[in-house]
Structures are given as structure tokens and as C-alpha cells.
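Data block below; observations after.
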Amino acid sequence: MIEFQVDRHSGVATYLQLANQVKQALRLGVLEPGDRLPTARAVVEATAINPNTVLKAYRELEREGLVEPRPGQGTFVTRSLSRPEAAADSPLRADLVDWVTRAHAAGLGREDVLALVEAALAEAAARPRGAARSTRAGTERPSREDTT
């Protein structure tokens with residue numbers, strides 16, 4: 001079951017925070033098709049937000065084809081966003097948890113880690129497909145195109 005957290009100081013609209021949390025739960029496999037989302041009333045009681053905000057988030061998720069309302073029953077997940085590579089037992093996730101643990105041990109806080117991850121995502125997106133960079137001494141590893 002998902003438990004919503006609302007950050008009133010984030011600058012992100014509350015309904016988008018809720019929708020993004022559902023999407024994250026779908027990506028991580030916390031929510032799967034057939035699962036029921038908490039009722040608007042339950043979310044309001046847990047977060048002290050306006051019921052219309054919850055309904056707006058659920059409508060956004062419905063518009064994206066991720067959930068469907070069933071009158072008298074609730075709102076249910078219709079589609080998954082999870083990938084095996086992101087599963088709790090995947091090697092990639094284990095590597096990432098190890099990296100975050102090392103970052104925290106080095107004194108980096110949550111915002112520092114998020115900034116590094118966002119910078120790494122931007123750097124990786126700017127690279128040509130197949131290009132990889134070694135983490136040792138700044139040396140470049142050849143891409144597949146260079147070795148063929």
C-alpha cells in the first residue's frame with residue numbers, strides 16, 4: 001500500500017506530488033495492476049489536503065492510462081511501469097544502494113545525492129549511445145563503434 005507524503009515547500013503542486021508518488025510506486029513494483037489506491041478520504045486524513053486535490057491527482061493518473069475509477073469500489077491500477085532492472089532484487093538497484101550508502105558515509109545529504117544523480121543523468125543523456133566512460137583516472141573506454 002502506498003503512503004503519500006506531501007512537501008508543502010517543494011514548489012511542486014500537491015496533486016502532482018501525489019501523482020508522481022503513484023508513478024514511482026508503479027516503477028518500483030510497490031503497486032501493480034489490480035491494486036486499489038487509497039480512497040480520497042484516507043489520503044485527506046493522512047495528509048490534511050483538500051479532497052479535490054486527491055481527485056485531481058487520480059484524474060491525472062487516469063488520463064495517463066495508469067488507473068481507472070470503479071464507481072462504488074475505488075480507483076484501481078490498470079498498468080505497471082516497473083522494469084525488472086529496477087526490481088528490489090536487481091543488481092543495478094543493489095549497486096545504487098551501495099553508492100548512496102557510500103555517498104552518505106562521505107557526508108553527502110539527500111539534496112547533495114539528488115543533485116549528483118541529476119547531473120549524472122544529464123551527462124549520460126548527452127553522450128552518444130554506446131559510449132562509456134571509465135571511472136578510473138578519467139580515461140575513456142572505447143564505445144562499441146570504436147572496437148568494430
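Identifiers for the C-alpha cells are assigned positionally: chains receive A, B, ... in sequence, residues are indexed from 1 per chain, and ligands are indexed from 1 in the order shown.
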
Which residues, written as a ChimeraX atom specification, have at least one atom at most 8 Å from Thr47 of chain A, with only C-alpha atoms counted and residues fewer than 2 positions away on the same chain left out? /A:4-6,43-45,49

Could you please take those selected residues and save N, CA and C atoms as a CSV table (one decimal), in the first residue's frame?
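Saved file result-v1.csv follows:
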chain,number,residue,atom,x,y,z
A,4,PHE,N,1.1,8.4,1.1
A,4,PHE,CA,1.5,9.7,0.5
A,4,PHE,C,2.2,10.6,1.4
A,5,GLN,N,3.2,11.3,0.9
A,5,GLN,CA,3.9,12.4,1.7
A,5,GLN,C,3.8,13.6,0.9
A,6,VAL,N,3.4,14.7,1.5
A,6,VAL,CA,3.2,16.0,0.9
A,6,VAL,C,4.3,17.0,1.4
A,43,VAL,N,-6.6,9.5,2.1
A,43,VAL,CA,-5.5,10.4,1.7
A,43,VAL,C,-5.6,11.8,2.4
A,44,VAL,N,-6.8,12.3,2.5
A,44,VAL,CA,-7.1,13.5,3.1
A,44,VAL,C,-6.8,13.4,4.6
A,45,GLU,N,-7.2,12.3,5.2
A,45,GLU,CA,-7.0,12.2,6.7
A,45,GLU,C,-5.5,12.0,7.0
A,49,ILE,N,-4.9,17.4,3.2
A,49,ILE,CA,-5.1,18.2,2.0
A,49,ILE,C,-6.5,18.2,1.5

Among chain A, which residues does DSSP mark as helix (DSSP H, G or I) when it is run on the backbone? Keep the chain and numbering as in the structure and answer as a ChimeraX atom specification. /A:14-27,40-47,51-63,84-86,91-105,110-126,144-147

Write down as a ChimeraX atom specification the residues belonging to chain A that are assigned strand (DSSP E or B) by DSSP computed on the backbone. /A:36,67-70,74-77,132-133,140-141

Taking into account only C-alpha atoms, which residue in the set A:Ala105, A:Ala46, A:Val22, A:Ala94 is nearest to Phe76 of chain A?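 Smallest separation from Phe76 of chain A among the options: A:Val22.
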
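Atom CA of Ala120 of chain A sits 25.8 Å away from atom CA of Ala13 of chain A.
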
For Glu62 of chain A, the nearest of the candidates A:Ala19, A:Glu85, A:Pro33, A:Ala40, counting only C-alpha atoms: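 Residue with the minimum atom-to-atom distance to Glu62 of chain A: A:Ala19.
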
As an exercise, work out the distance from atom CA of Asp35 of chain A to atom CA of Gln21 of chain A in Å and give it to one decimal place.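 According to the coordinates, atom CA of Asp35 of chain A and atom CA of Gln21 of chain A are separated by 14.7 Å.
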
Across A:Ala42, A:Ala57, A:Val30, A:Ala122, the smallest distance to Leu18 of chain A, with only C-alpha atoms counted, is shown by A:Ala57

Could you state the separation of atom CA of Pro91 of chain A and atom CA of Glu3 of chain A in Å, given to one decimal place?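 These atoms are spaced 26.3 Å apart.
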
Excluding Arg36 of chain A and residues on its chain fewer than 5 positions from it, collect all residues at most 8 Å away from it, counting only C-alpha atoms, and give them as a JSON list (two decimals) with all heavy atoms, in the first residue's frame.
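Written file, result01.json:
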[["chain", "number", "residue", "atom", "x", "y", "z"],
["A", 74, "GLY", "N", -13.70, 2.12, -5.83],
["A", 74, "GLY", "CA", -12.43, 2.81, -5.64],
["A", 74, "GLY", "C", -11.70, 3.02, -6.94],
["A", 74, "GLY", "O", -12.26, 2.86, -8.03],
["A", 75, "THR", "N", -10.43, 3.38, -6.84],
["A", 75, "THR", "CA", -9.58, 3.61, -8.00],
["A", 75, "THR", "C", -8.52, 2.53, -8.04],
["A", 75, "THR", "O", -7.82, 2.29, -7.04],
["A", 75, "THR", "CB", -8.92, 5.01, -7.92],
["A", 75, "THR", "OG1", -9.98, 5.99, -7.84],
["A", 75, "THR", "CG2", -8.07, 5.30, -9.14],
["A", 76, "PHE", "N", -8.40, 1.87, -9.20],
["A", 76, "PHE", "CA", -7.53, 0.70, -9.32],
["A", 76, "PHE", "C", -6.45, 0.90, -10.38],
["A", 76, "PHE", "O", -6.68, 1.53, -11.41],
["A", 76, "PHE", "CB", -8.37, -0.54, -9.68],
["A", 76, "PHE", "CG", -9.26, -0.97, -8.57],
["A", 76, "PHE", "CD1", -10.49, -0.36, -8.38],
["A", 76, "PHE", "CD2", -8.87, -1.97, -7.69],
["A", 76, "PHE", "CE1", -11.33, -0.74, -7.34],
["A", 76, "PHE", "CE2", -9.70, -2.37, -6.65],
["A", 76, "PHE", "CZ", -10.94, -1.75, -6.46],
["A", 77, "VAL", "N", -5.28, 0.35, -10.10],
["A", 77, "VAL", "CA", -4.15, 0.39, -11.03],
["A", 77, "VAL", "C", -4.48, -0.49, -12.22],
["A", 77, "VAL", "O", -4.92, -1.63, -12.06],
["A", 77, "VAL", "CB", -2.85, -0.09, -10.33],
["A", 77, "VAL", "CG1", -1.70, -0.19, -11.33],
["A", 77, "VAL", "CG2", -2.49, 0.83, -9.18]]

Contacts of Val113 of chain A at 12 Å or less, counting only C-alpha atoms, minus same-chain residues fewer than 2 places along, as number ranges by chain? A: 96-97, 99-111, 115-120

Go ahead and write the selection's residues with C-alpha atoms as an mmCIF file, in the first residue's frame.
data_model
loop_
_atom_site.group_PDB
_atom_site.id
_atom_site.type_symbol
_atom_site.label_atom_id
_atom_site.label_comp_id
_atom_site.auth_asym_id
_atom_site.auth_seq_id
_atom_site.Cartn_x
_atom_site.Cartn_y
_atom_site.Cartn_z
ATOM 1 C CA LEU A 96 22.804 2.096 -6.472
ATOM 2 C CA VAL A 97 22.038 1.394 -2.805
ATOM 3 C CA TRP A 99 26.632 4.007 -3.988
ATOM 4 C CA VAL A 100 24.116 6.009 -1.951
ATOM 5 C CA THR A 101 25.444 4.412 1.241
ATOM 6 C CA ARG A 102 28.990 5.470 0.271
ATOM 7 C CA ALA A 103 27.754 8.985 -0.558
ATOM 8 C CA HIS A 104 26.110 9.285 2.864
ATOM 9 C CA ALA A 105 29.246 7.937 4.547
ATOM 10 C CA ALA A 106 31.198 10.660 2.713
ATOM 11 C CA GLY A 107 28.957 13.254 4.339
ATOM 12 C CA LEU A 108 26.574 13.963 1.468
ATOM 13 C CA GLY A 109 22.954 14.656 2.347
ATOM 14 C CA ARG A 110 19.802 13.836 0.399
ATOM 15 C CA GLU A 111 19.875 17.041 -1.660
ATOM 16 C CA ALA A 115 21.967 16.802 -7.335
ATOM 17 C CA LEU A 116 24.691 14.276 -8.234
ATOM 18 C CA VAL A 117 22.158 11.843 -9.683
ATOM 19 C CA GLU A 118 20.522 14.584 -11.764
ATOM 20 C CA ALA A 119 23.940 15.716 -13.030
ATOM 21 C CA ALA A 120 24.877 12.130 -13.907
#

May I have the residues within 9 Å of Asp7 of chain A as a compact mmCIF listing (two decimals) with N, CA, C and O atoms, in the first residue's frame, using only C-alpha atoms and disregarding those fewer than 5 positions away in the same chain?
# COMPACT_ATOMS: atom_id res chain seq x y z
N VAL A 12 6.28 22.13 -5.97
CA VAL A 12 5.56 21.25 -6.90
C VAL A 12 4.12 21.16 -6.42
O VAL A 12 3.86 20.96 -5.22
N THR A 14 0.62 20.05 -5.24
CA THR A 14 0.32 18.89 -4.40
C THR A 14 -0.23 17.73 -5.21
O THR A 14 0.16 16.59 -5.02
N GLN A 17 2.56 15.99 -6.85
CA GLN A 17 3.33 15.20 -5.89
C GLN A 17 2.67 13.83 -5.69
O GLN A 17 3.34 12.80 -5.70

Nearest to Leu26 of chain A: which of A:Arg127, A:Arg63, A:Leu92, A:Ser82 is it, counting only C-alpha atoms? A:Ser82
